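Participant: Sharing my_file_26.tsv here; it has TSV, C-alpha atoms.
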```tsv
chain	number	residue	atom	x	y	z
A	14	MET	CA	46.69	-3.63	-41.84
A	15	ASN	CA	46.22	-6.24	-39.16
A	16	ASN	CA	44.96	-5.62	-35.62
A	17	GLU	CA	48.45	-5.26	-34.09
A	18	ASP	CA	49.44	-2.66	-36.72
A	19	ILE	CA	46.32	-0.62	-35.94
A	20	ILE	CA	47.05	-0.73	-32.19
A	21	SER	CA	50.67	0.38	-32.71
A	22	LEU	CA	49.49	3.17	-35.05
A	23	GLN	CA	46.98	4.27	-32.42
A	24	LYS	CA	49.79	4.54	-29.84
A	25	LEU	CA	51.94	6.49	-32.32
A	26	ILE	CA	49.17	9.03	-32.98
A	27	MET	CA	48.43	9.32	-29.26
A	28	GLU	CA	52.07	10.26	-28.64
A	29	LYS	CA	51.90	13.02	-31.27
A	30	LEU	CA	48.79	14.65	-29.86
A	31	ASP	CA	49.37	17.70	-27.68
A	32	LEU	CA	46.85	17.26	-24.90
A	33	SER	CA	48.46	19.69	-22.46
A	34	LYS	CA	46.03	22.47	-23.37
A	35	GLN	CA	42.28	22.62	-22.90
A	36	MET	CA	40.49	21.72	-26.13
A	37	SER	CA	36.89	21.23	-27.10
A	38	GLU	CA	35.67	17.87	-28.40
A	39	GLU	CA	35.51	19.28	-31.92
A	40	GLU	CA	39.14	20.48	-31.75
A	41	ILE	CA	40.30	17.07	-30.52
A	42	ARG	CA	38.41	15.33	-33.34
A	43	GLU	CA	40.00	17.64	-35.93
A	44	LEU	CA	43.45	16.99	-34.47
A	45	ILE	CA	42.91	13.23	-34.59
A	46	ASP	CA	41.62	13.42	-38.18
A	47	GLU	CA	44.70	15.40	-39.22
A	48	GLU	CA	47.09	12.86	-37.69
A	49	ILE	CA	45.22	9.95	-39.31
A	50	LYS	CA	45.35	11.76	-42.66
A	51	GLN	CA	49.13	12.18	-42.34
A	52	GLU	CA	49.58	8.49	-41.51
A	53	SER	CA	47.34	7.49	-44.43
A	54	LYS	CA	49.87	9.05	-46.81
A	55	LYS	CA	52.54	6.68	-45.51
A	56	ARG	CA	50.48	3.48	-45.40
A	57	HIS	CA	47.18	2.28	-46.84
A	58	LEU	CA	44.24	2.66	-44.43
A	59	GLU	CA	40.77	1.55	-45.36
A	60	ILE	CA	37.79	3.73	-44.43
A	61	SER	CA	36.66	1.27	-41.73
A	62	GLN	CA	40.16	1.28	-40.23
A	63	ARG	CA	40.24	5.09	-40.19
A	64	GLU	CA	36.86	5.20	-38.43
A	65	ARG	CA	37.98	2.65	-35.86
A	66	LEU	CA	41.22	4.56	-35.23
A	67	HIS	CA	39.35	7.82	-34.79
A	68	ARG	CA	36.81	6.27	-32.40
A	69	ASP	CA	39.37	4.41	-30.27
A	70	ILE	CA	41.72	7.41	-29.98
A	71	PHE	CA	38.91	9.81	-29.13
A	72	HIS	CA	37.56	7.42	-26.49
A	73	SER	CA	41.03	7.10	-24.98
A	74	VAL	CA	41.58	10.85	-24.90
A	75	ARG	CA	38.18	12.25	-24.01
A	76	GLN	CA	36.02	9.43	-22.78
A	77	LEU	CA	36.54	6.09	-21.05
A	78	GLY	CA	38.70	4.12	-23.45
A	79	ILE	CA	37.68	0.52	-24.01
A	80	LEU	CA	34.81	0.95	-21.54
A	81	GLN	CA	32.99	3.53	-23.65
A	82	GLU	CA	31.27	1.04	-25.95
A	83	LEU	CA	30.25	-1.07	-22.95
A	84	ILE	CA	28.69	1.96	-21.27
A	85	GLU	CA	26.77	2.76	-24.45
A	86	ASP	CA	25.40	-0.80	-24.72
A	87	PRO	CA	21.84	-0.70	-23.27
A	88	GLU	CA	21.87	-4.45	-22.50
A	89	ILE	CA	24.81	-4.17	-20.07
A	90	THR	CA	23.77	-3.29	-16.51
A	91	GLU	CA	27.10	-3.71	-14.70
A	92	ILE	CA	30.76	-3.34	-15.69
A	93	MET	CA	33.50	-4.73	-13.43
A	94	VAL	CA	37.17	-3.94	-14.08
A	95	ASN	CA	39.62	-6.03	-12.04
A	96	GLY	CA	42.74	-3.99	-12.72
A	97	THR	CA	44.53	-5.43	-15.75
A	98	GLU	CA	43.35	-8.98	-14.99
A	99	GLY	CA	40.06	-8.79	-16.85
A	100	ILE	CA	36.74	-7.06	-17.47
A	101	PHE	CA	33.45	-8.68	-16.49
A	102	ILE	CA	29.94	-7.50	-17.33
A	103	GLU	CA	26.40	-8.33	-16.30
A	104	ARG	CA	24.04	-8.74	-19.24
A	105	LYS	CA	20.41	-9.78	-18.74
A	106	GLY	CA	21.16	-10.84	-15.18
A	107	LYS	CA	24.12	-13.09	-16.14
A	108	LEU	CA	27.83	-12.50	-15.51
A	109	GLU	CA	30.28	-12.97	-18.36
A	110	ARG	CA	33.97	-12.30	-18.94
A	111	LEU	CA	35.04	-10.24	-21.95
A	112	ALA	CA	38.01	-10.91	-24.20
A	113	ILE	CA	39.25	-7.33	-23.76
A	114	SER	CA	41.18	-5.84	-20.84
A	115	PHE	CA	43.34	-2.82	-19.97
A	116	ASP	CA	46.98	-3.42	-20.92
A	117	SER	CA	48.39	-1.21	-18.15
A	118	VAL	CA	47.53	0.04	-14.68
A	119	GLU	CA	48.13	3.61	-15.90
A	120	LYS	CA	45.25	3.34	-18.39
A	121	VAL	CA	42.88	2.12	-15.67
A	122	ARG	CA	43.98	5.00	-13.42
A	123	HIS	CA	43.46	7.46	-16.29
A	124	VAL	CA	39.86	6.32	-16.73
A	125	ILE	CA	39.29	6.51	-12.96
A	126	TRP	CA	40.76	10.01	-12.87
A	127	GLN	CA	38.43	11.15	-15.68
A	128	ILE	CA	35.39	9.80	-13.85
A	129	THR	CA	36.22	11.21	-10.41
A	130	ALA	CA	37.37	14.59	-11.72
A	131	GLY	CA	34.10	14.93	-13.62
A	132	CYS	CA	32.04	14.80	-10.40
A	133	ASN	CA	34.48	16.61	-8.08
A	134	ARG	CA	35.64	13.50	-6.19
A	135	VAL	CA	39.21	12.73	-5.14
A	136	VAL	CA	40.72	9.25	-5.02
A	137	ASN	CA	44.36	8.43	-4.24
A	138	GLU	CA	46.46	6.19	-1.99
A	139	ALA	CA	45.55	8.32	1.03
A	140	SER	CA	41.84	8.00	0.20
A	141	PRO	CA	41.64	4.81	-1.91
A	142	ILE	CA	37.86	4.21	-1.85
A	143	VAL	CA	35.33	6.54	-3.48
A	144	ASP	CA	31.80	6.51	-4.86
A	145	ALA	CA	31.13	8.63	-7.93
A	146	ARG	CA	28.80	8.79	-10.92
A	147	LEU	CA	28.92	9.31	-14.66
A	148	PRO	CA	27.07	12.16	-16.42
A	149	ASP	CA	24.27	9.73	-17.38
A	150	GLY	CA	23.71	8.83	-13.70
A	151	ALA	CA	25.55	5.49	-13.70
A	152	ARG	CA	26.89	4.59	-10.25
A	153	VAL	CA	30.68	4.19	-9.94
A	154	ASN	CA	32.75	2.62	-7.17
A	155	VAL	CA	36.55	2.83	-7.14
A	156	VAL	CA	39.02	0.97	-4.92
A	157	LEU	CA	42.76	1.57	-5.38
A	158	ASN	CA	45.83	-0.15	-3.98
A	159	PRO	CA	47.04	-0.68	-1.30
A	160	VAL	CA	43.45	-1.65	-0.40
A	161	ALA	CA	42.94	-3.44	-3.73
A	162	VAL	CA	45.74	-5.99	-3.95
A	163	ASN	CA	45.28	-6.88	-7.63
A	164	GLY	CA	45.26	-3.33	-8.98
A	165	PRO	CA	42.66	-0.57	-9.39
A	166	ILE	CA	39.12	-1.96	-9.14
A	167	LEU	CA	36.37	-0.10	-10.99
A	168	THR	CA	32.70	-1.07	-10.80
A	169	ILE	CA	30.06	0.74	-12.83
A	170	ARG	CA	26.35	0.09	-12.40
A	171	ARG	CA	24.29	1.45	-15.26
A	172	PHE	CA	20.68	2.50	-15.17
A	173	PRO	CA	18.39	2.58	-18.21
A	174	PRO	CA	18.15	6.02	-19.89
A	175	GLU	CA	14.40	5.88	-19.37
A	176	PRO	CA	13.34	4.80	-15.85
A	177	VAL	CA	11.55	1.48	-15.48
A	178	THR	CA	7.81	2.08	-15.25
A	179	MET	CA	5.10	0.51	-13.14
A	180	GLU	CA	3.56	-0.86	-16.35
A	181	GLN	CA	6.77	-2.80	-17.02
A	182	LEU	CA	6.67	-4.30	-13.53
A	183	LEU	CA	3.10	-5.37	-14.13
A	184	SER	CA	3.98	-6.97	-17.47
A	185	MET	CA	6.87	-8.87	-15.82
A	186	GLY	CA	4.57	-10.16	-13.10
A	187	SER	CA	6.47	-8.41	-10.29
A	188	LEU	CA	3.26	-6.75	-9.07
A	189	THR	CA	-0.47	-7.20	-9.42
A	190	GLU	CA	-2.77	-4.34	-10.37
A	191	GLU	CA	-4.46	-4.49	-6.96
A	192	CYS	CA	-1.07	-4.25	-5.24
A	193	ARG	CA	-0.09	-1.32	-7.47
A	194	ASP	CA	-3.26	0.56	-6.58
A	195	GLN	CA	-2.70	0.05	-2.86
A	196	LEU	CA	0.93	1.18	-3.05
A	197	ALA	CA	-0.18	4.23	-5.05
A	198	GLN	CA	-2.63	5.14	-2.28
A	199	LEU	CA	0.06	4.76	0.37
A	200	VAL	CA	2.54	6.97	-1.50
A	201	TRP	CA	-0.09	9.59	-2.35
A	202	ALA	CA	-1.13	9.81	1.30
A	203	GLY	CA	2.47	10.41	2.44
A	204	SER	CA	3.08	7.05	4.11
A	205	ASN	CA	6.60	6.26	5.29
A	206	ILE	CA	7.91	3.47	3.06
A	207	LEU	CA	11.05	1.41	3.47
A	208	VAL	CA	12.34	-0.69	0.54
A	209	SER	CA	14.77	-3.48	1.44
A	210	GLY	CA	16.80	-6.03	-0.51
A	211	GLY	CA	20.26	-7.25	-1.36
A	212	THR	CA	22.83	-5.73	-3.71
A	213	GLY	CA	21.45	-5.38	-7.22
A	214	SER	CA	17.90	-6.32	-6.22
A	215	GLY	CA	16.45	-3.12	-7.73
A	216	LYS	CA	15.86	-0.96	-4.63
A	217	THR	CA	16.74	2.35	-6.32
A	218	THR	CA	14.67	1.44	-9.39
A	219	PHE	CA	11.66	0.61	-7.24
A	220	LEU	CA	12.04	3.86	-5.29
A	221	ASN	CA	11.99	5.68	-8.64
A	222	ILE	CA	8.78	3.91	-9.60
A	223	LEU	CA	7.07	4.70	-6.29
A	224	SER	CA	8.04	8.36	-6.65
A	225	GLY	CA	5.79	8.52	-9.71
A	226	PHE	CA	2.78	8.45	-7.35
A	227	ILE	CA	3.92	11.50	-5.34
A	228	PRO	CA	1.51	14.45	-5.85
A	229	GLN	CA	3.10	17.16	-8.00
A	230	ARG	CA	2.16	19.85	-5.49
A	231	GLU	CA	4.70	18.53	-2.96
A	232	ARG	CA	8.20	19.82	-2.23
A	233	VAL	CA	10.46	16.76	-2.41
A	234	ILE	CA	14.06	16.56	-1.20
A	235	THR	CA	16.28	13.65	-2.28
A	236	ILE	CA	19.44	12.76	-0.33
A	237	GLU	CA	22.04	10.39	-1.80
A	238	ASP	CA	25.72	9.44	-1.66
A	239	SER	CA	25.80	9.72	-5.45
A	240	ALA	CA	22.79	11.19	-7.22
A	241	GLU	CA	21.05	8.25	-8.94
A	242	LEU	CA	17.32	8.77	-8.49
A	243	GLN	CA	15.49	9.80	-11.67
A	244	ILE	CA	12.48	11.69	-10.34
A	245	ARG	CA	10.90	13.60	-13.20
A	246	ASN	CA	7.33	14.37	-12.23
A	247	ILE	CA	7.99	16.80	-9.34
A	248	PRO	CA	8.48	20.51	-10.21
A	249	ASN	CA	9.58	21.46	-6.66
A	250	LEU	CA	12.48	19.02	-6.40
A	251	VAL	CA	15.70	19.55	-4.41
A	252	ARG	CA	18.56	17.08	-4.99
A	253	LEU	CA	21.29	16.81	-2.34
A	254	GLU	CA	24.50	14.78	-2.63
A	255	THR	CA	27.21	13.99	-0.07
A	256	ARG	CA	30.77	15.28	-0.39
A	257	ASN	CA	34.07	13.75	0.67
A	258	ALA	CA	36.74	15.70	2.51
A	259	ASN	CA	39.79	16.62	0.40
A	260	VAL	CA	43.26	18.09	0.73
A	261	GLU	CA	41.97	21.51	-0.37
A	262	GLY	CA	40.22	21.93	2.96
A	263	CYS	CA	36.67	20.94	1.97
A	264	VAL	CA	35.02	19.27	4.94
A	265	GLU	CA	33.06	16.04	4.58
A	266	ILE	CA	29.29	16.37	4.22
A	267	THR	CA	27.50	13.16	5.18
A	268	ILE	CA	24.00	11.74	4.77
A	269	ARG	CA	23.40	12.74	8.41
A	270	ASP	CA	24.31	16.35	7.66
A	271	LEU	CA	22.00	16.42	4.65
A	272	ILE	CA	19.05	14.88	6.54
A	273	LYS	CA	19.42	17.52	9.27
A	274	ALA	CA	19.67	20.29	6.67
A	275	SER	CA	16.66	19.00	4.73
A	276	LEU	CA	14.40	19.28	7.80
A	277	ARG	CA	14.94	23.07	7.67
A	278	MET	CA	14.05	23.28	3.97
A	279	ARG	CA	10.28	22.91	4.39
A	280	PRO	CA	10.05	19.39	2.91
A	281	ASP	CA	6.74	17.69	2.19
A	282	ARG	CA	8.64	14.46	1.60
A	283	ILE	CA	12.23	13.30	2.09
A	284	ILE	CA	13.68	10.51	-0.04
A	285	VAL	CA	16.98	9.04	1.18
A	286	GLY	CA	18.65	6.87	-1.46
A	287	GLU	CA	20.03	4.41	1.09
A	288	VAL	CA	20.46	4.23	4.85
A	289	ARG	CA	23.63	2.32	5.69
A	290	GLY	CA	25.12	3.79	8.88
A	291	LYS	CA	24.72	6.36	11.64
A	292	GLU	CA	22.22	8.33	9.56
A	293	ALA	CA	19.61	5.73	10.61
A	294	VAL	CA	19.25	7.76	13.84
A	295	ASP	CA	18.19	10.90	11.97
A	296	MET	CA	16.06	8.93	9.51
A	297	LEU	CA	14.17	7.22	12.33
A	298	GLN	CA	13.65	10.48	14.20
A	299	SER	CA	12.35	12.27	11.09
A	300	VAL	CA	9.68	9.61	10.38
A	301	ASN	CA	8.56	9.81	14.01
A	302	VAL	CA	8.00	13.57	14.08
A	303	GLY	CA	5.56	13.88	11.21
A	304	HIS	CA	7.76	13.98	8.10
A	305	SER	CA	6.87	11.79	5.13
A	306	ALA	CA	9.85	9.75	4.00
A	307	MET	CA	10.92	6.96	1.66
A	308	THR	CA	14.23	5.14	1.83
A	309	THR	CA	16.05	1.86	1.15
A	310	VAL	CA	18.21	-0.43	3.27
A	311	HIS	CA	20.22	-3.60	2.67
A	312	ALA	CA	18.53	-6.60	4.32
A	313	ASN	CA	17.78	-10.26	3.67
A	314	SER	CA	14.07	-10.04	4.49
A	315	VAL	CA	11.40	-7.71	5.84
A	316	ARG	CA	11.96	-9.03	9.36
A	317	ASP	CA	15.73	-8.59	9.12
A	318	VAL	CA	15.17	-4.88	8.45
A	319	VAL	CA	14.40	-4.32	12.14
A	320	SER	CA	17.71	-5.79	13.34
A	321	ARG	CA	19.61	-3.95	10.58
A	322	LEU	CA	18.09	-0.61	11.64
A	323	GLU	CA	18.80	-1.39	15.30
A	324	THR	CA	22.47	-2.00	14.54
A	325	MET	CA	22.79	1.19	12.49
A	326	VAL	CA	21.04	3.33	15.10
A	327	LEU	CA	23.37	1.98	17.82
A	328	MET	CA	26.32	3.00	15.61
A	329	GLY	CA	25.12	6.59	15.95
A	330	MET	CA	23.99	6.76	19.59
A	331	GLU	CA	23.37	4.72	22.71
A	332	MET	CA	19.68	3.92	22.96
A	333	PRO	CA	17.61	1.09	24.48
A	334	VAL	CA	16.75	-1.55	21.89
A	335	SER	CA	13.11	-1.46	22.98
A	336	ALA	CA	12.96	2.27	22.22
A	337	ILE	CA	14.47	1.71	18.75
A	338	ARG	CA	11.92	-0.99	18.00
A	339	ARG	CA	9.05	1.21	19.14
A	340	GLN	CA	10.22	3.96	16.80
A	341	ILE	CA	10.56	1.51	13.87
A	342	ALA	CA	7.06	0.14	14.51
A	343	SER	CA	5.47	3.59	14.75
A	344	GLY	CA	7.63	5.34	12.13
A	345	PHE	CA	7.25	3.14	9.03
A	346	ASP	CA	3.87	2.34	7.49
A	347	VAL	CA	4.92	-0.30	4.96
A	348	MET	CA	8.03	-2.35	4.16
A	349	ILE	CA	8.72	-3.76	0.70
A	350	HIS	CA	11.34	-6.47	0.18
A	351	LEU	CA	12.93	-7.09	-3.23
A	352	GLY	CA	15.17	-9.92	-4.35
A	353	ARG	CA	16.99	-11.43	-7.28
A	354	LEU	CA	15.96	-14.97	-8.16
A	355	LYS	CA	18.30	-17.72	-9.38
A	356	ASP	CA	17.55	-16.87	-13.02
A	357	GLY	CA	18.77	-13.30	-12.48
A	358	THR	CA	15.33	-11.67	-12.57
A	359	ARG	CA	14.28	-9.19	-9.89
A	360	HIS	CA	10.96	-9.47	-8.08
A	361	VAL	CA	8.96	-8.03	-5.22
A	362	LEU	CA	9.22	-10.88	-2.70
A	363	GLU	CA	7.17	-9.51	0.18
A	364	ILE	CA	5.16	-6.48	1.24
A	365	ALA	CA	4.44	-6.17	4.95
A	366	GLU	CA	2.88	-3.70	7.36
A	367	PRO	CA	4.31	-3.19	10.87
A	368	GLU	CA	1.60	-4.13	13.40
A	369	GLY	CA	3.16	-2.30	16.32
A	370	PHE	CA	5.42	-3.11	19.26
A	371	LEU	CA	4.21	-6.34	20.85
A	372	GLU	CA	5.98	-8.27	23.65
A	373	GLY	CA	9.33	-6.64	22.91
A	374	GLU	CA	9.21	-7.31	19.14
A	375	VAL	CA	8.04	-5.43	16.07
A	376	GLY	CA	5.06	-7.32	14.71
A	377	MET	CA	4.79	-7.74	10.93
A	378	ARG	CA	1.66	-8.49	8.92
A	379	THR	CA	2.45	-9.96	5.50
A	380	ILE	CA	0.16	-8.45	2.88
A	381	TYR	CA	1.76	-9.90	-0.28
A	382	ARG	CA	4.34	-12.65	-0.76
A	383	PHE	CA	5.97	-14.07	-3.91
A	384	GLU	CA	5.44	-17.81	-4.25
A	385	GLN	CA	7.54	-19.84	-6.68
A	386	THR	CA	5.53	-22.34	-8.71
A	387	ALA	CA	8.08	-23.94	-11.07
A	388	VAL	CA	11.47	-23.73	-12.77
A	389	THR	CA	11.63	-24.24	-16.55
A	390	GLU	CA	14.28	-26.33	-18.35
A	391	SER	CA	16.05	-23.12	-19.32
A	392	GLY	CA	16.31	-22.14	-15.64
A	393	GLN	CA	13.56	-19.51	-15.64
A	394	VAL	CA	11.81	-19.20	-12.28
A	395	LEU	CA	8.02	-19.02	-12.45
A	396	GLY	CA	5.82	-17.67	-9.69
A	397	GLU	CA	3.40	-14.94	-8.66
A	398	LEU	CA	2.83	-12.35	-5.96
A	399	LYS	CA	-0.07	-13.63	-3.85
A	400	LYS	CA	-2.19	-11.68	-1.43
A	401	LYS	CA	-1.95	-12.89	2.18
A	402	GLY	CA	-3.74	-10.18	4.12
A	403	GLU	CA	-5.25	-6.71	4.14
A	404	PHE	CA	-3.64	-3.34	4.81
A	405	LEU	CA	-5.09	-1.81	7.95
A	406	TYR	CA	-3.96	1.64	6.76
A	407	GLY	CA	-2.99	4.23	9.31
A	408	GLU	CA	-4.12	7.73	10.12
A	409	LYS	CA	-2.35	9.13	7.05
A	410	ILE	CA	-4.59	7.20	4.64
A	411	HIS	CA	-7.77	8.19	6.49
A	412	SER	CA	-6.77	11.85	6.87
A	413	ALA	CA	-5.93	11.95	3.15
A	414	GLY	CA	-9.43	10.78	2.31
```
Since I need it in another form, could you write the structure as structure tokens?
Facilitator:
Amino acid sequence: MNNEDIISLQKLIMEKLDLSKQMSEEEIRELIDEEIKQESKKRHLEISQRERLHRDIFHSVRQLGILQELIEDPEITEIMVNGTEGIFIERKGKLERLAISFDSVEKVRHVIWQITAGCNRVVNEASPIVDARLPDGARVNVVLNPVAVNGPILTIRRFPPEPVTMEQLLSMGSLTEECRDQLAQLVWAGSNILVSGGTGSGKTTFLNILSGFIPQRERVITIEDSAELQIRNIPNLVRLETRNANVEGCVEITIRDLIKASLRMRPDRIIVGEVRGKEAVDMLQSVNVGHSAMTTVHANSVRDVVSRLETMVLMGMEMPVSAIRRQIASGFDVMIHLGRLKDGTRHVLEIAEPEGFLEGEVGMRTIYRFEQTAVTESGQVLGELKKKGEFLYGEKIHSAG
């Protein structure tokens, strides 16, 4: 049988399956096997063709169709579905277009429905944008028409099954051992740390790595839009996730709501996956009243973080800019900026320590900065993280001994 015959046979078997009732995975597999066996009596099917039919049908029914194999590929970090117009992936930092695509909008919508239903999210024309996640923690973003003009848009960002370790960062040259030791001291002492960078620069991954230095005796509360952090070394861990409003009467629960709730849960440390809006007000207030916190924010550089936080705070309340800057300078102990280089690799580009509020501005002392030394013929960027100054360390370091 050629490829077209197998596809038509797959559609025929799909039509025969009764999927109106709830069935276990094992029952669905048995049903598929039975239908394939019946078809094998009518036409010759090789063993490899039977296995492919079974896999493709099961993926279409129970999992994510043609995306399932992509999701299971450890080398793929991002999957981008542009409706029926094509599927793009990111592999080893490079974008590439695949030869496969969904042959109908209905199939894309079916996959989206499976994903959103699995994490209790609702997406439709009335609410066409939603963030969700897969069972393995992969981040999912969905945009439907009429917002998406060229059909349903599905973006999946995958994370490695085992979190990236500090040792791997050292082997890649992203950090030096001296820098690692100083960051470990800062985290252990409960310093307030802000990680910045662009989309896909590795902010969540780096936050995971830093969390490995948190003392196990602490009570840690994580707050995220979609639960992505992979903190495994803390026994007393509370994970909070936002919720969208829906037609069933469930009210929206925002990052702001969760930050306020977490302050009443006796936290030793609060980790907010990303600050991107009005919640910057609550985040800034929490780090200025004695709570230890770690968070990330989108920004182009360490110095741009201040203006980004200013803008987000003003979205939530009217407040003098000078007061916002004072709170930023006194609230955060260290700022770490990450970036993606031209060759697709991710690096720590700068680590800085706020010096305080001086002459209307937040002063920044650069402690480490990545310096590019060369670019190879293959396009690989070479460089190293060089020390530019010394941490002054605040009261938290000294009080922690």
Participant: Between A:Gln195, A:Thr255, A:Thr389, A:Ser314, which one has atoms that come closest to Asp356 (chain A), using only C-alpha atoms?
Facilitator: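 Distance minimum relative to Asp356 (chain A) lands on A:Thr389.
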Participant: Kindly give the distance, in Å, that separates CA of Thr189 (chain A) and CA of Ile206 (chain A), rounded to a single decimal.
Facilitator: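 Between CA of Thr189 (chain A) and CA of Ile206 (chain A) the gap works out to 18.4 Å.
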Participant: What gap, in Å, lies between CA of Gly106 (chain A) and CA of Val285 (chain A)?
Facilitator: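 Interatomic distance here is 26.1 Å.
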Participant: Residues around (15.6, 11.8, -1.6), cut-off 6 Å, counting all atoms listed in the file - what are they as a list in words?
Facilitator: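 Within the cut-off we find Ile234, Thr235, Ile236, Ile283, Ile284, Val285 and Gly286 of chain A.
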Participant: Using all atoms listed in the file, which residues of region 358-412 of chain A come within 12 Å of region 318-333 of chain A, and what is the closest atom pair for each, with the distance in Å to one decimal? Give it as JSON lines, sorted by chain and residue number.
Facilitator:
```
{"residue": "A:Ala365", "atom": "CA", "partner": "A:Val318", "partner_atom": "CA", "distance": 11.4}
{"residue": "A:Pro367", "atom": "CA", "partner": "A:Val319", "partner_atom": "CA", "distance": 10.2}
{"residue": "A:Phe370", "atom": "CA", "partner": "A:Val319", "partner_atom": "CA", "distance": 11.5}
{"residue": "A:Gly373", "atom": "CA", "partner": "A:Pro333", "partner_atom": "CA", "distance": 11.4}
{"residue": "A:Glu374", "atom": "CA", "partner": "A:Val319", "partner_atom": "CA", "distance": 9.2}
{"residue": "A:Val375", "atom": "CA", "partner": "A:Val319", "partner_atom": "CA", "distance": 7.6}
{"residue": "A:Gly376", "atom": "CA", "partner": "A:Val319", "partner_atom": "CA", "distance": 10.1}
{"residue": "A:Met377", "atom": "CA", "partner": "A:Val319", "partner_atom": "CA", "distance": 10.3}
```
Participant: How many Å separate CA of Ile169 (chain A) from CA of Lys291 (chain A)?
Facilitator: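 We find that CA of Ile169 (chain A) and CA of Lys291 (chain A) lie 25.7 Å from each other.
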Participant: Give me the residues within 9 Å of region 82-94 of chain A as JSON, numbers by chain, counting all atoms listed in the file and dropping any in the same chain fewer than 6 places off.
Facilitator: {"A": [72, 100, 101, 102, 103, 104, 105, 106, 108, 114, 115, 121, 151, 165, 166, 167, 168, 169, 170, 171, 172, 173, 174]}
Participant: What's the 12 Å shell around Ser140 (chain A), counting all atoms listed in the file, without same-chain residues fewer than 2 positions away, as a ChimeraX atom specification?
Facilitator: /A:134-138,142-144,155-160,257-260
Participant: Now that the selection is made, can you save its residues with C-alpha atoms as a compact mmCIF listing (two decimals), keeping the file's coordinate frame?
Facilitator:
```txt
# COMPACT_ATOMS: atom_id res chain seq x y z
CA ARG A 134 35.64 13.50 -6.19
CA VAL A 135 39.21 12.73 -5.14
CA VAL A 136 40.72 9.25 -5.02
CA ASN A 137 44.36 8.43 -4.24
CA GLU A 138 46.46 6.19 -1.99
CA ILE A 142 37.86 4.21 -1.85
CA VAL A 143 35.33 6.54 -3.48
CA ASP A 144 31.80 6.51 -4.86
CA VAL A 155 36.55 2.83 -7.14
CA VAL A 156 39.02 0.97 -4.92
CA LEU A 157 42.76 1.57 -5.38
CA ASN A 158 45.83 -0.15 -3.98
CA PRO A 159 47.04 -0.68 -1.30
CA VAL A 160 43.45 -1.65 -0.40
CA ASN A 257 34.07 13.75 0.67
CA ALA A 258 36.74 15.70 2.51
CA ASN A 259 39.79 16.62 0.40
CA VAL A 260 43.26 18.09 0.73
```
Participant: Select, from A:Gln51, A:Ser335, A:Asn249, A:Gln385, the residue with the minimum atom-to-atom distance to Met278 (chain A), counting all atoms listed in the file.
Facilitator: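 Going through A:Gln51, A:Ser335, A:Asn249, A:Gln385 one by one, the smallest distance to Met278 (chain A) is for A:Asn249.
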